[in-house]
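> Data: data18.txt, compact mmCIF, C-alpha atoms and all ligand atoms.
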# COMPACT_ATOMS: atom_id res chain seq x y z
CA MET A 1 101.67 183.03 78.13
CA ALA A 2 102.72 184.53 74.85
CA SER A 3 106.10 182.88 75.00
CA LEU A 4 104.47 179.56 75.78
CA ARG A 5 102.16 179.89 72.83
CA VAL A 6 105.08 180.68 70.58
CA TRP A 7 107.00 177.77 71.94
CA ILE A 8 104.14 175.37 71.36
CA VAL A 9 103.74 176.55 67.78
CA CYS A 10 107.49 176.33 67.16
CA SER A 11 107.59 172.88 68.63
CA ALA A 12 104.72 171.81 66.46
CA LEU A 13 106.52 173.16 63.44
CA LEU A 14 109.70 171.39 64.42
CA LEU A 15 107.79 168.18 64.86
CA ALA A 16 105.94 168.64 61.63
CA ALA A 17 109.18 169.25 59.79
CA GLY A 18 110.92 166.34 61.45
CA CYS A 19 113.75 168.78 61.80
CA SER A 20 116.68 166.58 62.59
CA ALA A 21 119.13 169.42 63.00
CA ALA A 22 117.08 171.22 65.60
CA ASN A 23 115.42 168.14 66.88
CA PRO A 24 117.93 165.91 68.65
CA ALA A 25 116.87 162.45 69.59
CA ALA A 26 116.23 163.55 73.10
CA ARG A 27 115.68 167.01 74.28
CA PRO A 28 114.15 168.34 77.44
CA ALA A 29 110.46 168.79 77.02
CA GLY A 30 109.56 172.37 77.54
CA SER A 31 112.99 173.69 76.73
CA GLY A 32 112.59 177.25 75.73
CA ALA A 33 109.40 177.58 77.66
CA ALA A 34 109.26 179.21 81.02
CA ALA A 35 106.10 177.40 81.79
CA SER A 36 104.88 175.62 84.82
CA ALA A 37 101.13 175.70 84.42
CA ALA A 38 99.29 173.45 82.03
CA PRO A 39 97.02 175.58 79.92
CA ALA A 40 95.01 174.07 77.16
CA ASP A 41 96.37 174.87 73.77
CA PRO A 42 93.64 176.88 72.05
CA GLN A 43 95.18 175.94 68.72
CA ALA A 44 94.72 172.26 69.36
CA PRO A 45 91.79 170.66 67.62
CA GLN A 46 88.88 169.98 69.89
CA GLN A 47 88.41 166.26 69.85
CA PRO A 48 86.18 163.97 71.82
CA LYS A 49 87.66 162.11 74.71
CA LEU A 50 87.96 158.40 74.49
CA ILE A 51 84.71 157.53 76.14
CA ASP A 52 83.44 154.59 74.19
CA LEU A 53 86.58 152.81 73.19
CA GLU A 54 84.84 150.04 71.37
CA ALA A 55 82.46 152.10 69.30
CA GLY A 56 85.25 153.57 67.27
CA LYS A 57 83.42 156.88 67.34
CA ALA A 58 85.94 158.64 69.42
CA ALA A 59 88.85 159.31 67.17
CA VAL A 60 91.95 159.50 69.26
CA PRO A 61 93.89 162.44 68.05
CA SER A 62 97.49 163.11 68.68
CA ALA A 63 97.83 166.77 68.16
CA GLY A 64 101.53 166.96 68.83
CA LYS A 65 100.69 169.37 71.57
CA LEU A 66 103.60 169.38 73.90
CA ALA A 67 102.60 170.72 77.22
CA SER A 68 104.39 172.72 79.78
CA VAL A 69 106.71 170.26 81.34
CA LYS A 70 109.15 171.93 83.66
CA LYS A 71 112.26 173.08 81.91
CA ASN A 72 115.01 170.46 81.73
CA ALA A 73 112.94 168.14 83.85
CA LEU A 74 112.14 165.39 81.46
CA LYS A 75 113.52 163.97 78.26
CA VAL A 76 111.18 163.28 75.40
CA PHE A 77 112.35 161.30 72.39
CA TYR A 78 111.17 162.46 68.98
CA SER A 79 113.60 160.76 66.61
CA ASN A 80 117.18 159.64 66.35
CA PRO A 81 118.96 161.64 63.65
CA LYS A 82 122.09 159.58 64.25
CA ALA A 83 120.37 156.32 63.42
CA GLY A 84 121.09 156.46 59.72
CA LYS A 85 118.43 155.51 57.23
CA GLN A 86 116.12 153.87 59.72
CA VAL A 87 112.49 154.60 60.43
CA ALA A 88 110.15 153.50 63.19
CA LEU A 89 106.48 153.03 62.47
CA THR A 90 104.28 153.54 65.51
CA PHE A 91 100.61 152.69 65.91
CA ASP A 92 98.64 154.16 68.80
CA ASP A 93 95.40 153.54 70.67
CA GLY A 94 95.04 149.80 70.10
CA PRO A 95 94.61 147.03 70.28
CA ASP A 96 91.27 146.19 68.75
CA ASN A 97 90.03 143.29 66.68
CA ARG A 98 89.21 145.32 63.60
CA THR A 99 92.12 147.42 62.35
CA THR A 100 94.97 146.07 64.46
CA PRO A 101 94.97 142.58 62.87
CA ILE A 102 94.91 144.10 59.38
CA ILE A 103 97.94 146.22 60.19
CA LEU A 104 99.70 143.23 61.73
CA ASP A 105 99.06 141.25 58.55
CA ILE A 106 100.58 143.99 56.40
CA LEU A 107 103.62 144.30 58.65
CA LYS A 108 104.19 140.56 58.67
CA ARG A 109 103.78 140.26 54.92
CA ASN A 110 106.43 142.92 54.47
CA HIS A 111 108.74 141.55 57.17
CA VAL A 112 108.51 144.83 59.06
CA LYS A 113 108.49 145.32 62.82
CA ALA A 114 106.73 148.30 64.37
CA THR A 115 105.87 149.70 67.79
CA PHE A 116 102.38 149.76 69.27
CA PHE A 117 101.50 152.22 72.02
CA LEU A 118 98.63 150.45 73.71
CA VAL A 119 95.70 151.77 75.73
CA GLY A 120 95.45 149.72 78.92
CA SER A 121 91.69 149.23 78.87
CA ARG A 122 91.87 147.93 75.32
CA ALA A 123 94.83 145.68 76.10
CA SER A 124 92.76 144.26 78.92
CA ALA A 125 89.87 143.65 76.52
CA TYR A 126 92.04 142.12 73.80
CA PRO A 127 94.94 140.35 75.52
CA ASP A 128 95.32 137.86 72.68
CA MET A 129 95.85 140.73 70.25
CA VAL A 130 98.58 142.09 72.52
CA LYS A 131 100.20 138.68 72.47
CA ARG A 132 99.98 138.58 68.70
CA ILE A 133 101.59 142.02 68.44
CA ILE A 134 104.47 140.83 70.58
CA GLY A 135 104.63 137.39 68.99
CA ASP A 136 105.15 139.00 65.60
CA GLY A 137 108.25 140.71 66.97
CA ASN A 138 106.80 144.15 67.45
CA ALA A 139 107.51 146.39 70.43
CA ILE A 140 104.83 147.73 72.74
CA GLY A 141 104.55 150.82 74.88
CA ASN A 142 102.21 152.27 77.50
CA HIS A 143 99.66 154.81 76.21
CA SER A 144 97.64 155.26 79.43
CA TRP A 145 94.56 153.37 80.59
CA SER A 146 91.74 155.50 79.18
CA HIS A 147 93.50 158.07 76.99
CA PRO A 148 92.87 161.26 78.95
CA ASP A 149 94.62 164.52 78.21
CA PHE A 150 97.23 164.51 80.97
CA ALA A 151 97.20 168.30 81.02
CA ARG A 152 93.67 168.11 82.34
CA VAL A 153 93.87 165.38 84.94
CA SER A 154 95.56 165.33 88.34
CA ALA A 155 99.01 163.86 88.85
CA ASP A 156 97.39 161.11 90.91
CA THR A 157 95.10 160.23 88.03
CA ALA A 158 98.06 160.28 85.67
CA ARG A 159 99.95 157.95 88.00
CA LYS A 160 97.04 155.53 88.10
CA GLU A 161 96.54 155.68 84.33
CA ILE A 162 100.15 154.69 83.84
CA ALA A 163 100.37 152.13 86.65
CA ASP A 164 97.20 150.28 85.72
CA THR A 165 98.32 150.01 82.11
CA GLU A 166 101.79 148.99 83.22
CA ALA A 167 100.33 146.21 85.36
CA THR A 168 98.08 144.96 82.57
CA LEU A 169 100.76 145.02 79.88
CA THR A 170 103.26 143.37 82.20
CA ALA A 171 100.79 140.60 83.04
CA ILE A 172 100.09 139.93 79.36
CA ALA A 173 103.56 140.44 77.92
CA GLY A 174 105.58 139.00 80.76
CA TYR A 175 107.79 142.05 80.86
CA GLU A 176 107.41 145.71 81.71
CA PRO A 177 107.54 147.88 78.58
CA SER A 178 110.04 150.70 78.85
CA LEU A 179 108.19 153.15 76.62
CA PHE A 180 105.44 155.63 77.41
CA ARG A 181 103.64 157.90 75.01
CA PRO A 182 101.23 160.34 76.65
CA PRO A 183 97.89 160.75 74.87
CA TYR A 184 98.03 163.79 72.57
CA GLY A 185 101.73 164.03 73.35
CA THR A 186 100.79 166.07 76.38
CA LEU A 187 102.35 166.13 79.82
CA LYS A 188 102.28 168.73 82.54
CA ALA A 189 104.95 169.70 85.04
CA GLU A 190 103.28 167.77 87.85
CA ASP A 191 103.66 164.56 85.83
CA GLU A 192 107.44 164.72 85.91
CA PRO A 193 107.89 162.80 89.19
CA VAL A 194 105.23 160.36 88.03
CA ILE A 195 107.18 159.61 84.87
CA ALA A 196 110.45 159.51 86.78
CA GLN A 197 109.00 157.00 89.23
CA SER A 198 107.74 154.83 86.38
CA ARG A 199 111.26 154.83 84.92
CA MET A 200 109.79 154.79 81.46
CA ASN A 201 111.09 156.66 78.43
CA VAL A 202 108.72 159.20 76.95
CA VAL A 203 108.47 158.85 73.18
CA ASP A 204 106.63 161.18 70.85
CA TRP A 205 107.10 161.36 67.08
CA SER A 206 108.66 163.35 64.26
CA VAL A 207 105.98 162.76 61.61
CA ASP A 208 102.29 163.04 62.46
CA THR A 209 100.16 161.54 59.69
CA ARG A 210 96.93 162.75 61.31
CA ASP A 211 95.40 159.52 60.08
CA TRP A 212 92.87 159.50 62.95
CA ALA A 213 91.22 162.54 61.37
CA GLY A 214 90.47 160.63 58.19
CA THR A 215 93.34 162.13 56.25
CA PRO A 216 93.21 160.53 52.80
CA ALA A 217 95.87 157.91 52.11
CA LYS A 218 97.30 160.00 49.29
CA GLN A 219 97.72 162.92 51.65
CA ILE A 220 99.33 160.72 54.31
CA LEU A 221 101.86 159.57 51.75
CA THR A 222 102.59 163.10 50.60
CA LEU A 223 103.08 164.17 54.19
CA VAL A 224 105.48 161.34 55.00
CA ARG A 225 107.46 161.91 51.81
CA LYS A 226 107.85 165.54 52.77
CA GLU A 227 108.54 165.25 56.48
CA LEU A 228 110.36 162.00 57.06
CA HIS A 229 114.08 162.19 57.70
CA PRO A 230 116.44 159.32 58.61
CA GLY A 231 115.84 158.26 62.19
CA GLY A 232 112.26 159.47 62.15
CA ILE A 233 109.29 158.16 64.10
CA ILE A 234 105.98 158.07 62.23
CA LEU A 235 102.74 158.36 64.17
CA GLN A 236 99.74 156.38 62.97
CA HIS A 237 96.87 154.58 64.70
CA CYS A 238 95.66 151.00 64.79
CA SER A 239 92.37 151.59 66.54
CA GLY A 240 89.73 154.27 66.65
CA GLY A 241 89.41 156.63 63.77
CA GLY A 242 86.31 158.05 62.23
CA THR A 243 83.85 156.56 59.82
CA GLY A 244 86.53 154.95 57.69
CA HIS A 245 87.87 153.01 60.68
CA LEU A 246 91.42 153.86 59.61
CA ALA A 247 91.00 152.40 56.14
CA ASN A 248 93.17 155.33 55.07
CA THR A 249 95.93 154.17 57.39
CA VAL A 250 95.78 150.68 55.96
CA GLU A 251 95.75 151.92 52.39
CA ALA A 252 98.69 154.24 52.94
CA LEU A 253 100.71 151.60 54.77
CA LYS A 254 100.55 149.18 51.86
CA ILE A 255 102.22 151.77 49.66
CA LEU A 256 104.44 153.39 52.26
CA ILE A 257 106.39 150.32 53.31
CA PRO A 258 107.64 149.22 49.87
CA GLU A 259 108.26 152.83 48.90
CA LEU A 260 110.47 153.53 51.92
CA LYS A 261 112.27 150.24 51.41
CA GLU A 262 112.94 151.31 47.85
CA GLU A 263 114.44 154.52 49.22
CA GLY A 264 116.79 152.48 51.36
CA TYR A 265 115.03 152.74 54.69
CA THR A 266 115.23 149.95 57.24
CA PHE A 267 112.24 149.52 59.53
CA VAL A 268 113.05 149.18 63.20
CA THR A 269 111.17 149.29 66.47
CA VAL A 270 111.38 152.35 68.68
CA PRO A 271 113.67 150.61 71.21
CA GLU A 272 115.97 149.68 68.33
CA LEU A 273 115.88 153.17 66.85
CA LEU A 274 116.61 154.88 70.16
CA ASN A 275 118.95 152.22 71.55
CA LEU A 276 116.67 151.64 74.49
CA PRO A 277 115.77 148.36 76.17
CA ALA A 278 112.30 147.11 75.23
CA ALA A 279 111.72 146.10 78.84
CA LEU A 280 112.60 147.66 82.14
CA PRO A 281 114.74 145.56 84.47
CA ALA A 282 112.63 143.03 86.33
CA SER A 283 113.68 144.49 89.65
CA SER A 284 111.83 147.66 88.81
CA VAL A 285 108.49 145.93 88.52
CA LYS A 286 106.71 147.44 91.44
CA VAL A 287 103.28 148.27 90.16
CA ALA A 288 100.32 147.74 92.38
CA SER A 289 98.36 144.69 91.51
CA GLY A 290 94.72 144.03 92.05
CA ASN A 291 92.87 147.01 90.71
CA SER A 292 93.61 147.32 87.06
CA GLN A 293 90.16 148.36 86.06
CA GLY A 294 90.88 152.05 86.25
ZN ZN B 301 96.52 158.16 71.38
Please rewrite the model in this file as structure tokens.

Amino acid sequence: MASLRVWIVCSALLLAAGCSAANPAARPAGSGAAASAAPADPQAPQQPKLIDLEAGKAAVPSAGKLASVKKNALKVFYSNPKAGKQVALTFDDGPDNRTTPIILDILKRNHVKATFFLVGSRASAYPDMVKRIIGDGNAIGNHSWSHPDFARVSADTARKEIADTEATLTAIAGYEPSLFRPPYGTLKAEDEPVIAQSRMNVVDWSVDTRDWAGTPAKQILTLVRKELHPGGIILQHCSGGGTGHLANTVEALKILIPELKEEGYTFVTVPELLNLPAALPASSVKVASGNSQG
């Protein structure tokens, strides 16, 4: 248990530092941890579950808490240090019709493409917003149906969360997204065959802005300036958030994009950054249809 705790803290530090030297583009999740159980991380902030998606009350945190995936069992992408001066903006937990369109406007105005990790139930509620995300040239990924902590649900539930979202996104987008980001960055050992069966690539991040927690825009900018390295993946949100409804995210983004461009960064999608296909081969589309209501 002690070694697991240490590993989690070290991993969090590595993530926070965007440590490109010790943080290869893909490394086995759980490396260094002799863990097989899925204990809750007592250091992780206690946040409400996504119960009322529409109310915007339930901030959807991503604590960077990497769970106890079996050693060497699964690759998780955090960045691509070999990508040169590229950066991938990612926005989680959408879509909605409040913050997502504002972020899309900013991206479009700046000729920047980003990656949106979408919650299936919200994609189902706002299919036109999903189409707009894609139509603007952005990439999308699967972020589960109802945003549970995968460490605390059964493998069967995890499978259904992924499959239902996969079916919904595929129906709207016309292709099966190749990316999956588990809520809170958390997976457990029992999820490994589920992920393997889905054939998706698990993508976390190298810079966590903690924007969902209402982190002031100025602080978000300071954090990115400190932690971003070439090939980094920045985590932000396009739905949820606290009382400010991610106004901080919007404010920071308006400054962040021109600033990083000035520094010589090129904005790319996650598939571009990691040299992954945006879509899985059509032959792999095998999700169950019918019940996509979770
Ligand atoms: Zn999330």
> Using all atoms listed in the file, find each residue with an atom at most 9 Å away from ligand ZN 301 (chain B) and format the answer as an MDAnalysis selection string.
chainID A and resid 59:62 91:94 117:119 143:144 147:148 181:185 237
> Pick from A:Pro230, A:Gly214, A:Pro258, A:Pro271: nearest to Ile106 of chain A, with only C-alpha atoms counted?
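The answer is A:Pro258, which sits nearest to Ile106 of chain A.
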> Under the rule that all atoms listed in the file are counted, which of A:Arg210, A:Arg132, A:Lys108, A:Arg152 is the nearest residue to Ala173 of chain A?
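Comparing A:Arg210, A:Arg132, A:Lys108, A:Arg152 against Ala173 of chain A, the winner is A:Arg132.
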> Write out as a list in words the residues lying within 9 Å of Gln86 of chain A, counting all atoms listed in the file and excluding same-chain residues fewer than 3 positions away.
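Listing them by chain and then by number gives Asn80, Ala83, His229, Pro230, Gly231, Gly232, Gly264, Tyr265, Thr266, Phe267, Val268 and Leu273 of chain A.
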> Extending 5 Å beyond the listed atoms of segment 178-181 of chain A on each side, what axis-aligned box results? I want centre and edge lengths in Å to one decimal, as JSON.

{"center_x": 106.8, "center_y": 154.3, "center_z": 76.9, "size_x": 16.4, "size_y": 17.2, "size_z": 13.8}
> Kindly provide, as a ChimeraX atom specification, the polymer residues lying within 10 Å of (94.1, 146.9, 71.0), counting only C-alpha atoms and using the coordinates exactly as they appear in the file.
/A:53-54,92-101,116-130,133,238-240
> A:Ile134, A:Val194, A:Ile257, A:Ala139: which is nearest Ala155 of chain A, counting only C-alpha atoms?
A:Val194
> Extract, using all atoms listed in the file, all DNA, RNA and protein residues at most 9 Å from Leu223 of chain A, discarding same-chain residues fewer than 5 positions from it, and format them as a short mmCIF file (atom, residue, chain, number, x, y, z; two decimals) with C-alpha atoms, in the coordinates of the input.

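What ended up in out_30.cif:
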data_model
loop_
_atom_site.label_atom_id
_atom_site.label_comp_id
_atom_site.auth_asym_id
_atom_site.auth_seq_id
_atom_site.Cartn_x
_atom_site.Cartn_y
_atom_site.Cartn_z
CA VAL A 207 105.98 162.76 61.61
CA ASP A 208 102.29 163.04 62.46
CA THR A 209 100.16 161.54 59.69
CA LYS A 218 97.30 160.00 49.29
CA LEU A 228 110.36 162.00 57.06
#
> If I take atom CA of Leu169 of chain A and atom CA of Ser79 of chain A, how far is one from the other in Å, to one decimal?
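Value for the atom CA of Leu169 of chain A-atom CA of Ser79 of chain A distance: 24.3 Å.
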> Work out how far atom CA of Thr170 of chain A is from atom CA of Arg199 of chain A, in Å to one decimal.
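Straight-line distance from atom CA of Arg199 of chain A to atom CA of Thr170 of chain A works out to 14.2 Å.
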> For atom CA of Ile255 of chain A and atom CA of Ile233 of chain A, quote the distance in Å rounded to one decimal.
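If I compute the distance from atom CA of Ile255 of chain A to atom CA of Ile233 of chain A, I get 17.3 Å.
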> Given the point (92.2, 157.5, 61.7) in the file's coordinates, find the residues that have an atom at most 6 Å from it, counting all atoms listed in the file, and give them as a list in words.
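The answer, in the requested form, is Asp211, Trp212, Ala213, Gly214, Gly241, Gly242 and Leu246 of chain A.
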> Could you tell me which of A:Thr168, A:Thr115, A:Thr215, A:Ser178 comes closest to Ser198 of chain A if we count all atoms listed in the file?
A:Ser178
> So, counting only C-alpha atoms, which residue among A:Ala279, A:Val270, A:Ile195, A:Ile102 is closest to Asp156 of chain A?
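Closest residue, counting only C-alpha atoms: A:Ile195.
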